[in-house]
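S.K.: Dropping a structure here in structure tokens format, bear with me for questions.
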Amino acid sequence: MSRTQVVTGPPSAGSILRPQLAGADFVHACQATTRRDGRSALQAYRDMAATIPGWFDGLMALRNRGMRLLGMKHLGSLRAVQAVS
């Protein structure tokens, strides 16, 4: 997958989430345009997850170690996506 520009800011006026944001203390949204060409939603997710930077995965590993001490669920690595055959 080629690098896609990600735009951050408030959710667009047409977002289906917009009505649920009334009274929210913090709102953040990201938007990226990707190719469609017959890919499934799962394959699109896998393509995007494979581009997550290594430093973010490191933070997730740190989170998982800390949460294990509290008996919380290990969420794994976001970049560890399986290729679709």
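Each chain of the structure tokens is named A, B, ... in the order shown, its residues numbered from 1; ligands are numbered from 1 in display order.
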Near Gln5 (chain A), within 10 Å and counting only C-alpha atoms, which residues show up once chain neighbours fewer than 3 positions away are dropped, as a list in words?
M.R.: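 Here the answer would be Ser2, Thr8, Gln31, Ala32, Thr33 and Thr34 of chain A.
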S.K.: Let's have the selection written as a compact mmCIF listing (two decimals), in the first residue's frame, with N, CA, C and O atoms.
M.R.:
# COMPACT_ATOMS: atom_id res chain seq x y z
N SER A 2 0.60 2.16 -0.86
CA SER A 2 1.37 3.40 -0.90
C SER A 2 1.00 4.29 0.27
O SER A 2 -0.08 4.17 0.84
N THR A 8 -6.15 15.33 9.93
CA THR A 8 -6.75 15.32 11.25
C THR A 8 -7.56 16.59 11.47
O THR A 8 -7.33 17.61 10.83
N GLN A 31 -8.84 11.21 8.93
CA GLN A 31 -9.47 10.75 7.70
C GLN A 31 -8.38 10.46 6.68
O GLN A 31 -7.44 11.23 6.51
N ALA A 32 -8.50 9.32 6.02
CA ALA A 32 -7.55 8.94 4.97
C ALA A 32 -8.34 8.34 3.81
O ALA A 32 -9.30 7.60 4.01
N THR A 33 -7.94 8.69 2.62
CA THR A 33 -8.57 8.13 1.44
C THR A 33 -7.71 6.96 0.97
O THR A 33 -6.50 7.08 0.85
N THR A 34 -8.34 5.84 0.75
CA THR A 34 -7.62 4.65 0.30
C THR A 34 -8.26 4.11 -0.96
O THR A 34 -9.38 4.47 -1.31
S.K.: Return as a list in words the full set of residues in chain A whose backbone-based DSSP assignment is strand (DSSP E).
M.R.: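 The residues of chain A classed as strand (DSSP E) are Val6, Val7, Thr8, Gly9, Ala29, Cys30, Gln31 and Ala32 of chain A.
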S.K.: Those same residues - C-alpha atoms - I'd like them written as a PDB file, in the first residue's frame.
M.R.:
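What follows is the written file selection-v6.pdb:
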ATOM      1  CA  VAL A   6      -3.933  11.455   6.778  1.00  0.00           C
ATOM      2  CA  VAL A   7      -5.925  14.573   7.622  1.00  0.00           C
ATOM      3  CA  THR A   8      -6.746  15.320  11.254  1.00  0.00           C
ATOM      4  CA  GLY A   9      -9.348  17.642  12.702  1.00  0.00           C
ATOM      5  CA  ALA A  29     -10.816  12.494  14.075  1.00  0.00           C
ATOM      6  CA  CYS A  30      -8.536  11.301  11.292  1.00  0.00           C
ATOM      7  CA  GLN A  31      -9.471  10.755   7.696  1.00  0.00           C
ATOM      8  CA  ALA A  32      -7.553   8.938   4.974  1.00  0.00           C
TER       9      ALA A  32
END
S.K.: In Å, rounded to a single decimal, give me how far CA of Arg79 (chain A) is from CA of Ala49 (chain A).
M.R.: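 Answer for the CA of Ala49 (chain A) to CA of Arg79 (chain A) separation: 5.4 Å.
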S.K.: So that I can see what lies close to region 24-26 of chain A, please list as a PDB file with N, CA, C and O atoms, in the first residue's frame the residues with an atom at most 12 Å from it, counting only C-alpha atoms and leaving out residues fewer than 5 positions away in the same chain.
M.R.:
ATOM      1  N   GLY A   9      -8.494  16.500  12.380  1.00  0.00           N
ATOM      2  CA  GLY A   9      -9.348  17.642  12.702  1.00  0.00           C
ATOM      3  C   GLY A   9     -10.664  17.154  13.258  1.00  0.00           C
ATOM      4  O   GLY A   9     -10.818  15.969  13.548  1.00  0.00           O
ATOM      5  N   PRO A  10     -11.628  18.038  13.397  1.00  0.00           N
ATOM      6  CA  PRO A  10     -12.935  17.606  13.919  1.00  0.00           C
ATOM      7  C   PRO A  10     -13.645  16.739  12.892  1.00  0.00           C
ATOM      8  O   PRO A  10     -13.391  16.842  11.695  1.00  0.00           O
ATOM      9  N   PRO A  11     -14.554  15.863  13.351  1.00  0.00           N
ATOM     10  CA  PRO A  11     -15.325  15.054  12.408  1.00  0.00           C
ATOM     11  C   PRO A  11     -16.096  15.958  11.444  1.00  0.00           C
ATOM     12  O   PRO A  11     -16.576  17.020  11.828  1.00  0.00           O
ATOM     13  N   LEU A  17     -21.227  10.153  13.271  1.00  0.00           N
ATOM     14  CA  LEU A  17     -20.885  10.279  14.684  1.00  0.00           C
ATOM     15  C   LEU A  17     -21.199  11.664  15.242  1.00  0.00           C
ATOM     16  O   LEU A  17     -21.277  11.853  16.454  1.00  0.00           O
ATOM     17  N   ARG A  18     -21.352  12.649  14.379  1.00  0.00           N
ATOM     18  CA  ARG A  18     -21.531  14.046  14.795  1.00  0.00           C
ATOM     19  C   ARG A  18     -22.635  14.224  15.857  1.00  0.00           C
ATOM     20  O   ARG A  18     -22.398  14.892  16.864  1.00  0.00           O
ATOM     21  N   PRO A  19     -23.822  13.634  15.710  1.00  0.00           N
ATOM     22  CA  PRO A  19     -24.871  13.831  16.713  1.00  0.00           C
ATOM     23  C   PRO A  19     -24.505  13.300  18.105  1.00  0.00           C
ATOM     24  O   PRO A  19     -25.033  13.757  19.108  1.00  0.00           O
TER      25      PRO A  19
END
S.K.: If you run DSSP on the backbone here, which positions in region 21-54 of chain A get alpha helix (DSSP H)? Please write them as a ChimeraX atom specification.
M.R.: /A:41-49,54
